[in-house]
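So this block is my_file-v9.cif, mmCIF, C-alpha atoms and all ligand atoms:
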data_upload
#
loop_
_atom_site.label_atom_id
_atom_site.label_comp_id
_atom_site.auth_asym_id
_atom_site.auth_seq_id
_atom_site.Cartn_x
_atom_site.Cartn_y
_atom_site.Cartn_z
CA MET A 1 -20.00 7.38 85.70
CA ILE A 2 -22.45 5.32 83.67
CA SER A 3 -21.13 2.00 84.94
CA GLN A 4 -21.28 3.28 88.52
CA LEU A 5 -24.84 4.47 87.96
CA ALA A 6 -25.92 1.21 86.35
CA GLU A 7 -25.21 -0.64 89.59
CA TYR A 8 -28.31 1.01 91.04
CA PHE A 9 -30.76 0.25 88.22
CA GLY A 10 -31.62 -3.21 89.52
CA PRO A 11 -32.72 -6.09 87.27
CA PRO A 12 -35.32 -5.41 84.55
CA LYS A 13 -38.89 -5.84 85.81
CA GLU A 14 -41.66 -7.65 83.97
CA GLY A 15 -43.87 -4.96 82.45
CA GLY A 16 -41.67 -2.20 83.84
CA PHE A 17 -39.72 0.48 81.99
CA PHE A 18 -36.55 2.35 82.82
CA VAL A 19 -37.75 5.92 82.35
CA ASP A 20 -34.95 8.37 81.49
CA ALA A 21 -37.03 11.48 82.07
CA PHE A 22 -34.34 14.08 81.20
CA CYS A 23 -32.66 11.85 78.62
CA GLY A 24 -30.23 14.36 76.99
CA THR A 25 -27.82 12.29 74.89
CA GLY A 26 -29.43 9.05 76.07
CA ALA A 27 -26.24 7.54 77.49
CA VAL A 28 -28.06 6.38 80.63
CA ALA A 29 -31.04 4.94 78.76
CA GLU A 30 -28.59 3.05 76.58
CA ALA A 31 -26.93 1.51 79.65
CA ALA A 32 -30.34 0.45 80.99
CA ALA A 33 -31.25 -1.11 77.63
CA GLN A 34 -27.98 -3.02 77.69
CA LEU A 35 -29.07 -4.51 81.00
CA GLY A 36 -32.28 -5.68 79.33
CA TRP A 37 -34.63 -2.92 80.49
CA ASN A 38 -37.33 -1.67 78.16
CA VAL A 39 -36.77 2.06 78.12
CA SER A 40 -38.81 5.21 77.93
CA ILE A 41 -36.99 8.39 76.95
CA ASN A 42 -38.16 11.96 77.39
CA ASP A 43 -36.71 15.42 77.02
CA HIS A 44 -38.25 18.79 76.22
CA LEU A 45 -35.77 19.10 73.32
CA TYR A 46 -36.60 17.18 70.17
CA SER A 47 -32.89 17.00 69.32
CA ALA A 48 -32.18 15.22 72.62
CA VAL A 49 -34.87 12.61 72.00
CA ILE A 50 -33.50 12.06 68.49
CA SER A 51 -29.95 11.56 69.88
CA ALA A 52 -31.13 9.27 72.65
CA GLY A 53 -33.40 7.27 70.34
CA ALA A 54 -30.56 6.63 67.89
CA ARG A 55 -28.50 4.96 70.62
CA LEU A 56 -31.22 2.36 71.04
CA VAL A 57 -31.77 1.45 67.40
CA SER A 58 -31.30 -2.17 66.41
CA GLU A 59 -30.15 -3.39 62.97
CA GLU A 60 -33.53 -4.86 62.12
CA GLN A 61 -35.30 -1.51 62.63
CA VAL A 62 -33.22 0.31 60.03
CA PRO A 63 -32.78 -1.88 56.94
CA PHE A 64 -32.89 1.13 54.56
CA ARG A 65 -34.33 -1.40 52.11
CA LYS A 66 -35.47 1.11 49.50
CA LEU A 67 -32.08 2.83 49.36
CA GLY A 68 -29.71 -0.15 49.49
CA GLY A 69 -28.73 -0.31 53.16
CA TYR A 70 -27.31 1.92 55.89
CA ALA A 71 -23.77 2.22 54.50
CA ARG A 72 -25.04 3.23 51.06
CA VAL A 73 -27.39 5.84 52.53
CA VAL A 74 -24.53 7.39 54.52
CA ALA A 75 -22.37 7.42 51.37
CA LEU A 76 -25.20 9.20 49.50
CA LEU A 77 -25.43 11.84 52.22
CA ASN A 78 -21.67 12.37 52.24
CA SER A 79 -21.63 12.92 48.49
CA ALA A 80 -24.52 15.41 48.44
CA GLU A 81 -23.59 18.74 46.80
CA PRO A 82 -23.79 21.74 49.17
CA VAL A 83 -26.93 23.87 48.98
CA GLN A 84 -27.42 27.46 50.12
CA GLY A 85 -30.02 26.69 52.78
CA PHE A 86 -30.82 27.97 56.28
CA VAL A 87 -27.65 26.77 58.02
CA TYR A 88 -25.53 28.20 55.20
CA ARG A 89 -27.28 31.59 55.38
CA THR A 90 -27.49 31.78 59.18
CA TYR A 91 -24.53 29.96 60.75
CA SER A 92 -21.68 30.40 58.26
CA PRO A 93 -19.85 33.67 57.48
CA VAL A 94 -22.46 34.26 54.76
CA SER A 95 -24.65 35.57 57.62
CA PHE A 96 -22.71 38.83 57.33
CA GLU A 97 -24.42 39.41 53.98
CA THR A 98 -27.88 38.60 55.33
CA CYS A 99 -27.82 40.24 58.80
CA GLY A 100 -24.52 42.06 59.23
CA ILE A 101 -23.18 39.56 61.79
CA GLU A 102 -20.52 37.14 60.65
CA ARG A 103 -21.28 33.85 62.40
CA ARG A 104 -18.49 31.35 62.32
CA TYR A 105 -20.16 28.17 63.54
CA PHE A 106 -19.41 26.35 60.28
CA THR A 107 -17.37 27.06 57.16
CA ARG A 108 -19.50 27.93 54.13
CA ASP A 109 -18.83 24.57 52.56
CA ASN A 110 -19.72 22.55 55.67
CA ALA A 111 -22.83 24.64 56.32
CA GLY A 112 -23.99 24.06 52.74
CA ARG A 113 -23.37 20.32 53.14
CA ILE A 114 -25.36 20.21 56.38
CA ASP A 115 -28.27 21.83 54.52
CA ALA A 116 -27.90 19.37 51.67
CA MET A 117 -27.83 16.34 53.98
CA ARG A 118 -30.80 17.52 56.05
CA THR A 119 -32.79 18.27 52.89
CA LEU A 120 -32.10 14.80 51.48
CA ILE A 121 -33.19 13.12 54.72
CA ALA A 122 -36.43 15.14 54.67
CA GLU A 123 -37.08 14.29 51.00
CA TRP A 124 -36.49 10.58 51.59
CA ARG A 125 -38.92 10.62 54.49
CA VAL A 126 -41.64 12.49 52.59
CA SER A 127 -41.35 10.19 49.58
CA GLY A 128 -41.48 7.07 51.78
CA TYR A 129 -37.92 5.88 51.07
CA ILE A 130 -37.12 5.79 54.80
CA ASN A 131 -39.22 5.16 57.88
CA GLU A 132 -39.40 7.27 61.05
CA VAL A 133 -36.69 5.30 62.90
CA GLU A 134 -34.35 5.49 59.90
CA GLU A 135 -34.97 9.25 59.67
CA GLY A 136 -34.14 9.74 63.38
CA LEU A 137 -30.98 7.66 63.06
CA LEU A 138 -29.73 9.73 60.11
CA ILE A 139 -30.46 13.04 61.85
CA ALA A 140 -28.54 11.82 64.93
CA ASP A 141 -25.66 10.71 62.70
CA LEU A 142 -25.72 14.18 61.13
CA PHE A 143 -25.43 15.66 64.66
CA GLY A 144 -22.31 13.56 65.20
CA ALA A 145 -20.80 14.82 61.95
CA LEU A 146 -21.65 18.48 62.51
CA ASN A 147 -20.38 18.37 66.10
CA ARG A 148 -16.99 17.26 64.78
CA VAL A 149 -16.66 20.33 62.52
CA ALA A 150 -18.47 22.95 64.59
CA ASN A 151 -16.29 25.94 65.49
CA ILE A 152 -17.37 25.98 69.12
CA ALA A 153 -16.07 25.39 72.62
CA GLY A 154 -18.36 22.57 73.66
CA THR A 155 -21.86 23.99 73.15
CA PHE A 156 -23.59 26.12 70.52
CA GLY A 157 -24.05 29.02 72.98
CA CYS A 158 -21.45 30.90 70.95
CA PHE A 159 -18.93 30.34 68.16
CA LEU A 160 -15.19 30.91 68.25
CA SER A 161 -13.71 33.94 66.53
CA LYS A 162 -10.83 31.94 65.04
CA TRP A 163 -11.43 28.78 63.05
CA THR A 164 -10.24 25.61 64.77
CA LYS A 165 -8.37 23.01 62.74
CA GLN A 166 -11.28 20.54 62.98
CA SER A 167 -13.81 23.11 61.79
CA GLU A 168 -11.93 23.35 58.50
CA ASP A 169 -12.16 19.59 57.88
CA ASN A 170 -14.83 18.38 55.47
CA ILE A 171 -17.96 17.23 57.25
CA SER A 172 -18.51 13.51 56.99
CA ILE A 173 -21.17 11.25 58.49
CA LYS A 174 -20.04 7.92 59.92
CA CYS A 175 -22.14 4.78 60.26
CA ARG A 176 -22.60 3.87 63.90
CA GLU A 177 -22.61 0.39 65.38
CA LEU A 178 -26.22 -0.67 65.69
CA LYS A 179 -27.64 -2.78 68.49
CA SER A 180 -28.17 -6.44 67.76
CA VAL A 181 -30.88 -6.87 70.39
CA CYS A 182 -34.07 -4.86 70.39
CA VAL A 183 -35.76 -3.65 73.60
CA LYS A 184 -39.09 -1.84 73.71
CA VAL A 185 -38.57 1.91 73.42
CA GLN A 186 -41.10 4.65 74.15
CA ALA A 187 -40.06 8.17 73.18
CA LYS A 188 -41.69 11.44 74.12
CA VAL A 189 -40.79 15.10 73.65
CA GLY A 190 -42.26 17.10 76.49
CA ASP A 191 -42.02 18.51 79.96
CA VAL A 192 -40.79 16.14 82.63
CA PHE A 193 -44.00 16.59 84.62
CA GLU A 194 -45.89 14.92 81.79
CA VAL A 195 -43.77 11.78 81.57
CA PRO A 196 -45.96 8.68 81.88
CA ASN A 197 -44.75 6.23 84.54
CA THR A 198 -46.20 3.38 86.53
CA GLN A 199 -45.47 1.65 89.81
CA GLN A 200 -43.32 -1.04 88.10
CA ASP A 201 -41.01 1.51 86.48
CA VAL A 202 -37.68 2.88 87.58
CA VAL A 203 -37.56 6.62 86.91
CA TYR A 204 -34.16 8.21 86.44
CA LEU A 205 -33.92 11.98 86.91
CA ASP A 206 -30.90 13.94 85.74
CA PRO A 207 -32.13 17.54 85.82
CA PRO A 208 -29.97 20.52 84.87
CA TYR A 209 -28.18 21.76 87.96
CA THR A 210 -26.76 25.10 86.79
CA LYS A 211 -28.20 28.18 85.08
CA ARG A 212 -27.16 26.76 81.71
CA GLN A 213 -30.36 26.42 79.69
CA TYR A 214 -30.00 23.50 77.32
CA ALA A 215 -32.53 24.95 74.87
CA SER A 216 -30.28 27.93 74.17
CA TYR A 217 -26.94 26.13 74.39
CA TYR A 218 -27.99 23.47 71.87
CA HIS A 219 -30.16 25.66 69.61
CA ILE A 220 -28.51 24.63 66.34
CA LEU A 221 -29.07 20.93 67.01
CA GLU A 222 -32.73 21.68 67.69
CA THR A 223 -33.04 23.57 64.40
CA VAL A 224 -31.36 20.79 62.43
CA ALA A 225 -33.57 18.21 64.14
CA LEU A 226 -36.77 20.12 63.42
CA GLY A 227 -35.59 21.11 59.95
CA ASP A 228 -37.34 24.47 60.31
CA GLU A 229 -36.24 28.05 59.61
CA PRO A 230 -36.90 30.06 62.77
CA VAL A 231 -36.35 33.81 63.15
CA VAL A 232 -33.05 33.94 65.03
CA GLU A 233 -31.66 36.59 67.33
CA GLY A 234 -28.38 38.12 68.41
CA VAL A 235 -24.76 37.39 67.67
CA ALA A 236 -25.21 33.69 68.47
CA GLY A 237 -28.30 33.43 66.23
CA LEU A 238 -30.51 31.84 68.89
CA ARG A 239 -33.85 30.37 67.86
CA PRO A 240 -36.74 31.29 70.22
CA TRP A 241 -36.06 29.10 73.27
CA LYS A 242 -37.71 30.75 76.26
CA ASP A 243 -40.77 28.48 76.10
CA ARG A 244 -38.27 25.72 76.99
CA ALA A 245 -36.60 27.64 79.84
CA SER A 246 -36.21 25.05 82.57
CA ASP A 247 -37.21 25.80 86.17
CA PHE A 248 -34.34 23.57 87.29
CA CYS A 249 -31.92 26.21 85.95
CA TYR A 250 -33.17 28.90 88.37
CA LYS A 251 -31.64 28.74 91.83
CA ARG A 252 -34.82 29.97 93.53
CA ARG A 253 -37.15 27.51 91.79
CA ALA A 254 -35.01 24.40 91.50
CA LEU A 255 -35.66 22.80 94.90
CA LYS A 256 -39.44 23.23 94.94
CA THR A 257 -39.74 22.05 91.35
CA LEU A 258 -37.65 18.96 92.05
CA SER A 259 -39.59 18.14 95.18
CA ASN A 260 -42.93 18.52 93.33
CA LEU A 261 -41.61 16.30 90.56
CA VAL A 262 -40.47 13.47 92.85
CA GLN A 263 -43.76 13.66 94.70
CA SER A 264 -45.78 13.42 91.49
CA LEU A 265 -44.15 10.19 90.25
CA GLN A 266 -45.85 6.80 90.44
CA ALA A 267 -42.71 4.66 90.04
CA SER A 268 -41.61 2.37 92.86
CA ARG A 269 -37.99 3.41 92.49
CA VAL A 270 -36.69 6.88 91.64
CA LEU A 271 -33.04 7.58 90.95
CA LEU A 272 -31.90 11.19 91.07
CA SER A 273 -28.51 12.45 89.88
CA TYR A 274 -27.26 15.72 91.24
CA SER A 275 -24.05 17.61 91.83
CA SER A 276 -22.67 19.15 94.99
CA GLU A 277 -22.04 22.26 92.88
CA GLY A 278 -25.64 22.50 91.71
CA HIS A 279 -28.25 25.13 92.59
CA ILE A 280 -29.68 22.94 95.33
CA CYS A 281 -27.53 22.52 98.40
CA MET A 282 -27.37 18.88 99.41
CA GLU A 283 -28.56 19.74 102.92
CA ASP A 284 -31.71 21.40 101.51
CA MET A 285 -32.23 18.45 99.24
CA LYS A 286 -32.01 16.11 102.23
CA THR A 287 -34.55 18.13 104.24
CA GLU A 288 -37.00 18.36 101.34
CA LEU A 289 -36.77 14.67 100.40
CA ALA A 290 -37.23 13.71 104.07
CA LYS A 291 -40.73 15.25 103.86
CA ILE A 292 -41.55 12.88 101.01
CA GLY A 293 -40.09 9.59 102.20
CA ASP A 294 -36.98 7.54 102.63
CA SER A 295 -33.98 8.17 100.46
CA THR A 296 -30.34 7.19 100.37
CA MET A 297 -27.56 9.24 98.88
CA TYR A 298 -24.53 7.69 97.21
CA PRO A 299 -21.51 9.73 96.16
CA LEU A 300 -20.44 8.71 92.68
CA GLY A 301 -16.93 10.08 92.68
CA ALA A 302 -15.41 13.03 90.89
CA ILE A 303 -16.02 13.96 87.27
CA GLY A 304 -14.47 16.80 85.30
CA ARG A 305 -16.34 20.08 85.63
CA TYR A 306 -17.74 21.48 82.37
CA ARG A 307 -14.83 23.54 81.15
CA PRO A 308 -14.87 25.68 78.06
CA ASN A 309 -11.17 25.54 77.28
CA LYS A 310 -7.85 24.02 78.19
CA VAL A 311 -6.70 26.88 80.43
CA ALA A 312 -9.81 26.66 82.57
CA SER A 313 -9.42 22.92 82.51
CA SER A 314 -6.05 22.95 84.17
CA THR A 315 -7.22 25.24 86.98
CA GLY A 316 -10.70 23.86 87.66
CA SER A 317 -11.53 21.53 90.51
CA ASP A 318 -13.65 18.41 90.22
CA VAL A 319 -17.40 18.24 90.57
CA ASN A 320 -18.89 15.67 92.89
CA GLU A 321 -21.91 13.81 91.58
CA PHE A 322 -24.42 12.06 93.75
CA LEU A 323 -27.09 9.51 93.16
CA ILE A 324 -30.09 9.61 95.44
CA VAL A 325 -32.21 6.47 95.50
CA ILE A 326 -35.82 6.91 96.59
CA GLU A 327 -37.95 3.82 97.11
CA ARG A 328 -41.58 4.34 96.18
CA SER A 329 -43.04 2.01 98.79
CA LYS A 330 -41.28 4.03 101.44
CA LEU A 331 -42.45 7.22 99.75
CA GLU A 332 -46.03 6.04 100.12
CA HIS A 333 -45.90 4.91 103.72
CA LYS A 334 -43.60 7.70 104.86
CA THR A 335 -42.61 5.60 107.88
CA GLU A 336 -38.92 6.29 107.91
CA HIS A 337 -36.93 9.43 108.01
CA SER A 338 -34.60 10.26 105.19
CA LYS A 339 -31.30 8.48 105.52
CA LEU A 340 -28.68 10.39 103.65
CA MET A 341 -25.22 8.91 103.63
CA GLY A 342 -22.50 11.52 103.92
CA SER A 343 -19.30 12.11 102.03
CA ASN A 344 -16.49 14.62 102.30
CA SER A 345 -18.03 17.14 99.97
CA LEU A 346 -21.45 16.71 101.55
CA GLU A 347 -20.10 17.65 104.93
CA GLY A 348 -19.31 21.10 103.63
CA CYS A 349 -22.99 21.53 103.03
CA LEU A 350 -24.32 20.11 106.28
C1 LIG B 1 -28.23 17.13 82.68
S1 LIG B 1 -29.01 16.93 81.12
C2 LIG B 1 -29.30 15.21 81.03
C3 LIG B 1 -28.07 14.47 80.57
C4 LIG B 1 -28.33 13.02 80.26
N1 LIG B 1 -28.46 12.21 81.47
C5 LIG B 1 -27.24 12.42 79.37
O1 LIG B 1 -26.76 11.32 79.66
O2 LIG B 1 -26.91 13.05 78.37
C6 LIG B 1 -30.59 17.59 81.40
C7 LIG B 1 -31.58 17.45 80.27
O3 LIG B 1 -32.87 17.85 80.75
C8 LIG B 1 -33.58 18.50 79.75
N2 LIG B 1 -34.60 19.30 80.45
C9 LIG B 1 -34.43 20.40 81.22
N3 LIG B 1 -35.58 20.79 81.75
C10 LIG B 1 -36.54 19.92 81.33
C11 LIG B 1 -37.94 19.80 81.56
N4 LIG B 1 -38.59 20.65 82.34
N5 LIG B 1 -38.60 18.78 80.97
C12 LIG B 1 -37.93 17.90 80.17
N6 LIG B 1 -36.61 17.97 79.91
C13 LIG B 1 -35.92 18.98 80.50
C14 LIG B 1 -32.52 19.27 78.98
O4 LIG B 1 -32.94 19.56 77.65
C15 LIG B 1 -31.33 18.31 79.03
O5 LIG B 1 -31.28 17.50 77.89
#
Take the structure in this file and express it as structure tokens.
Amino acid sequence: MISQLAEYFGPPKEGGFFVDAFCGTGAVAEAAAQLGWNVSINDHLYSAVISAGARLVSEEQVPFRKLGGYARVVALLNSAEPVQGFVYRTYSPVSFETCGIERRYFTRDNAGRIDAMRTLIAEWRVSGYINEVEEGLLIADLFGALNRVANIAGTFGCFLSKWTKQSEDNISIKCRELKSVCVKVQAKVGDVFEVPNTQQDVVYLDPPYTKRQYASYYHILETVALGDEPVVEGVAGLRPWKDRASDFCYKRRALKTLSNLVQSLQASRVLLSYSSEGHICMEDMKTELAKIGDSTMYPLGAIGRYRPNKVASSTGSDVNEFLIVIERSKLEHKTEHSKLMGSNSLEGCL
């Protein structure tokens, strides 16, 4: 999907940024940076901006000079003794002793190691041993490690009742391959309506298209990123997330919110990813965008639907993704009607 998408980015523009306004993991921003774009990343989740930022880090930004280099720092984290911190108390079976609910997100040992690693990273930062970029990189690397041993079916919305084989492995951080070339990166944690953008920029929009609220489904990553100890609720142990409830996840609000967003942007070129199975019917999208300006829709082929397990996987059908390209100059002059190119799955909607 990324390579198909990248065909529409266009060449990097002098003074312009590729703005990944709902950056999530940052895979798209990374592809733009590889094409030489300076990138701006934004998400309302801190954990997403940390993950995306780490994909863009170059070797020279993270020398880890005071601690003997990246590989040594990762080895230090991997050898940290477990501590009985927040993750241990809240997201391992120990939670039964503290709140009467046995949460099986992580084994006791792995949970204690996650606490130990996160504490070390925080201590290094406070004492000036690592800089902000190095801190972000290590937190993102910790995400990678904890994802590999989490006893979940894809997201942190719930844990599995039986331990998976991987969840019983010992958690271990791996060094990632760092970029050799550095592009300019701007990072912001905030609502998409507040993302700075200028006429020279390309803005990429990949909003949620189902009722799945990322803030609740990825709550543990957010807690590890922030390093705080929130009051959690329910069997899943959710941190307060409703202040990050996204309007794009509500069927009734999604279309108007998207239309307001596109209209508010300054960028000359706006790229919008959406799915034919999303809240907004492609026909409604076409009508709404036609009021704003000229847009072209490109089907991007089939990708696997989000599936929680193997059984569902074998029965599920494919989701069709679309990229809608909106040219700003045409948005401004509003001279042409929307030109939406059809596809098989679109026809069902028309
Ligand atoms: C479909 S995902 C983006 C996936 C991303 N393109 C990637 O490659 O991983 C949508 C993202 O939008 C974020 N989000 C949802 N509503 C938002 C809002 N109002 N402002 C900023 N970010 C939002 C979510 O936290 C989530 O990370």
Give me the chain A side of the contact with ligand LIG 1 (chain B), cut-off 10 Å, one line per residue showing its nearest atom pair and distance in Å at one decimal, counting all atoms listed in the file, sorted by chain and residue number, as a Markdown table.
| residue | atom | partner | partner_atom | distance |
| --- | --- | --- | --- | --- |
| A:Met1 | CA | B:LIG1 | O1 | 9.9 |
| A:Ile2 | CA | B:LIG1 | O1 | 8.4 |
| A:Asp20 | CA | B:LIG1 | N1 | 7.5 |
| A:Ala21 | CA | B:LIG1 | C12 | 6.8 |
| A:Phe22 | CA | B:LIG1 | O3 | 4.1 |
| A:Cys23 | CA | B:LIG1 | C4 | 4.8 |
| A:Gly24 | CA | B:LIG1 | O5 | 3.4 |
| A:Thr25 | CA | B:LIG1 | O2 | 3.7 |
| A:Gly26 | CA | B:LIG1 | O1 | 5.0 |
| A:Ala27 | CA | B:LIG1 | O1 | 4.4 |
| A:Val28 | CA | B:LIG1 | O1 | 5.2 |
| A:Ala29 | CA | B:LIG1 | O1 | 7.7 |
| A:Glu30 | CA | B:LIG1 | O1 | 9.0 |
| A:Ala31 | CA | B:LIG1 | O1 | 9.8 |
| A:Asn42 | CA | B:LIG1 | C12 | 6.6 |
| A:Asp43 | CA | B:LIG1 | N6 | 3.9 |
| A:His44 | CA | B:LIG1 | C12 | 4.1 |
| A:Leu45 | CA | B:LIG1 | O4 | 5.2 |
| A:Tyr46 | CA | B:LIG1 | O4 | 8.7 |
| A:Ser47 | CA | B:LIG1 | O4 | 8.7 |
| A:Ala48 | CA | B:LIG1 | O5 | 5.8 |
| A:Val49 | CA | B:LIG1 | O5 | 8.5 |
| A:Ser51 | CA | B:LIG1 | O2 | 9.1 |
| A:Ala52 | CA | B:LIG1 | O2 | 8.1 |
| A:Lys188 | CA | B:LIG1 | C12 | 9.6 |
| A:Val189 | CA | B:LIG1 | C12 | 7.7 |
| A:Gly190 | CA | B:LIG1 | C12 | 5.7 |
| A:Asp191 | CA | B:LIG1 | N5 | 3.6 |
| A:Val192 | CA | B:LIG1 | N5 | 3.8 |
| A:Phe193 | CA | B:LIG1 | N5 | 6.9 |
| A:Glu194 | CA | B:LIG1 | N5 | 8.3 |
| A:Val195 | CA | B:LIG1 | C12 | 8.6 |
| A:Tyr204 | CA | B:LIG1 | N1 | 8.6 |
| A:Leu205 | CA | B:LIG1 | N1 | 7.7 |
| A:Asp206 | CA | B:LIG1 | C2 | 5.1 |
| A:Pro207 | CA | B:LIG1 | C6 | 4.7 |
| A:Pro208 | CA | B:LIG1 | C1 | 4.4 |
| A:Tyr209 | CA | B:LIG1 | C1 | 7.0 |
| A:Thr210 | CA | B:LIG1 | C1 | 9.1 |
| A:Arg212 | CA | B:LIG1 | C14 | 9.6 |
| A:Gln213 | CA | B:LIG1 | C9 | 7.4 |
| A:Tyr214 | CA | B:LIG1 | O4 | 4.9 |
| A:Ala215 | CA | B:LIG1 | O4 | 6.1 |
| A:Ser216 | CA | B:LIG1 | O4 | 9.4 |
| A:Tyr217 | CA | B:LIG1 | O4 | 9.5 |
| A:Tyr218 | CA | B:LIG1 | O4 | 8.6 |
| A:Arg244 | CA | B:LIG1 | N3 | 7.4 |
| A:Ala245 | CA | B:LIG1 | N3 | 7.2 |
| A:Ser246 | CA | B:LIG1 | N3 | 4.4 |
| A:Asp247 | CA | B:LIG1 | N4 | 6.6 |
| A:Phe248 | CA | B:LIG1 | N3 | 6.3 |
| A:Cys249 | CA | B:LIG1 | N3 | 7.8 |
| A:Thr257 | CA | B:LIG1 | N4 | 9.2 |
| A:Leu258 | CA | B:LIG1 | N4 | 9.9 |
| A:Leu261 | CA | B:LIG1 | N4 | 9.8 |
| A:Ser273 | CA | B:LIG1 | N1 | 8.4 |
| A:Tyr274 | CA | B:LIG1 | C1 | 8.7 |
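The spacing separating CA of Cys175 (chain A) from CA of Ser127 (chain A) amounts to 22.6 Å.
With distances restricted to all atoms listed in the file, A:Leu323 is the closest residue to Gln4 (chain A) from A:Val149, A:Cys158, A:Leu323, A:Ala236.
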Which residues, written as a PDB file with C-alpha atoms, in the coordinates of the input, have at least one atom at most 10 Å from Lys162 (chain A), with only C-alpha atoms counted and residues fewer than 4 positions away on the same chain left out?
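Saved to selection-v4.pdb:
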ATOM      1  CA  ARG A 104     -18.490  31.350  62.320  1.00  0.00           C
ATOM      2  CA  ASN A 151     -16.290  25.940  65.490  1.00  0.00           C
ATOM      3  CA  ILE A 152     -17.370  25.980  69.120  1.00  0.00           C
ATOM      4  CA  SER A 167     -13.810  23.110  61.790  1.00  0.00           C
TER       5      SER A 167
END
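Taking only C-alpha atoms into account, Val185 (chain A) lies nearest to A:Ala33 out of the set A:Met297, A:Ala33, A:Leu142, A:Leu120.
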Handout entry: Minimum-distance residue to Ser40 (chain A), chosen among A:Ile114, A:Val57, A:Val203, A:Ala75 (using all atoms listed in the file)
Key = A:Val203
Handout entry: Neighbour list for Val62 (chain A) as a PyMOL selection string, cut-off 9 Å, all atoms listed in the file, skip fewer than 2 positions in-chain
Key = chain A and resi 57-60+64-65+69-70+130-131+133-134+137
Exercise for the section: Taking the point (-42.6, 3.7, 90.1) as given in the file, collect each protein or nucleic acid residue that comes within 9 Å of it, counting all atoms listed in the file, and present the set as a PyMOL selection string. Expected result: chain A and resi 16+197-203+265-270+327-329
Selected residues, C-alpha atoms, written as an mmCIF file, keeping the file's coordinate frame, please.
data_model
loop_
_atom_site.group_PDB
_atom_site.id
_atom_site.type_symbol
_atom_site.label_atom_id
_atom_site.label_comp_id
_atom_site.auth_asym_id
_atom_site.auth_seq_id
_atom_site.Cartn_x
_atom_site.Cartn_y
_atom_site.Cartn_z
ATOM 1 C CA GLY A 16 -41.670 -2.200 83.840
ATOM 2 C CA ASN A 197 -44.750 6.230 84.540
ATOM 3 C CA THR A 198 -46.200 3.380 86.530
ATOM 4 C CA GLN A 199 -45.470 1.650 89.810
ATOM 5 C CA GLN A 200 -43.320 -1.040 88.100
ATOM 6 C CA ASP A 201 -41.010 1.510 86.480
ATOM 7 C CA VAL A 202 -37.680 2.880 87.580
ATOM 8 C CA VAL A 203 -37.560 6.620 86.910
ATOM 9 C CA LEU A 265 -44.150 10.190 90.250
ATOM 10 C CA GLN A 266 -45.850 6.800 90.440
ATOM 11 C CA ALA A 267 -42.710 4.660 90.040
ATOM 12 C CA SER A 268 -41.610 2.370 92.860
ATOM 13 C CA ARG A 269 -37.990 3.410 92.490
ATOM 14 C CA VAL A 270 -36.690 6.880 91.640
ATOM 15 C CA GLU A 327 -37.950 3.820 97.110
ATOM 16 C CA ARG A 328 -41.580 4.340 96.180
ATOM 17 C CA SER A 329 -43.040 2.010 98.790
#
Practice task
Give me, please, the distance in Å between CA of Ile292 (chain A) and CA of Gln263 (chain A), quoted to one decimal.
Solution key: 6.7 Å
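Nearest residue to Arg176 (chain A), choosing from A:Ala71, A:Met285, A:Ser92, A:Tyr298 and counting all atoms listed in the file: A:Ala71.
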Handout entry: Which residue of A:Phe9, A:Phe156, A:Phe322, A:Trp163 approaches Thr223 (chain A) most closely, using all atoms listed in the file
Key = A:Phe156
Handout entry: Using all atoms listed in the file: which of A:Met282, A:Val232, A:Leu178, A:Leu271 has the shortest distance to Pro63 (chain A)
Key =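 Answer, going by the shortest atom-to-atom distance: A:Leu178.
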Problem - For CA of Arg252 (chain A) and CA of His279 (chain A), the interatomic separation in Å (one decimal) - result: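 Separation between CA of Arg252 (chain A) and CA of His279 (chain A): 8.2 Å.
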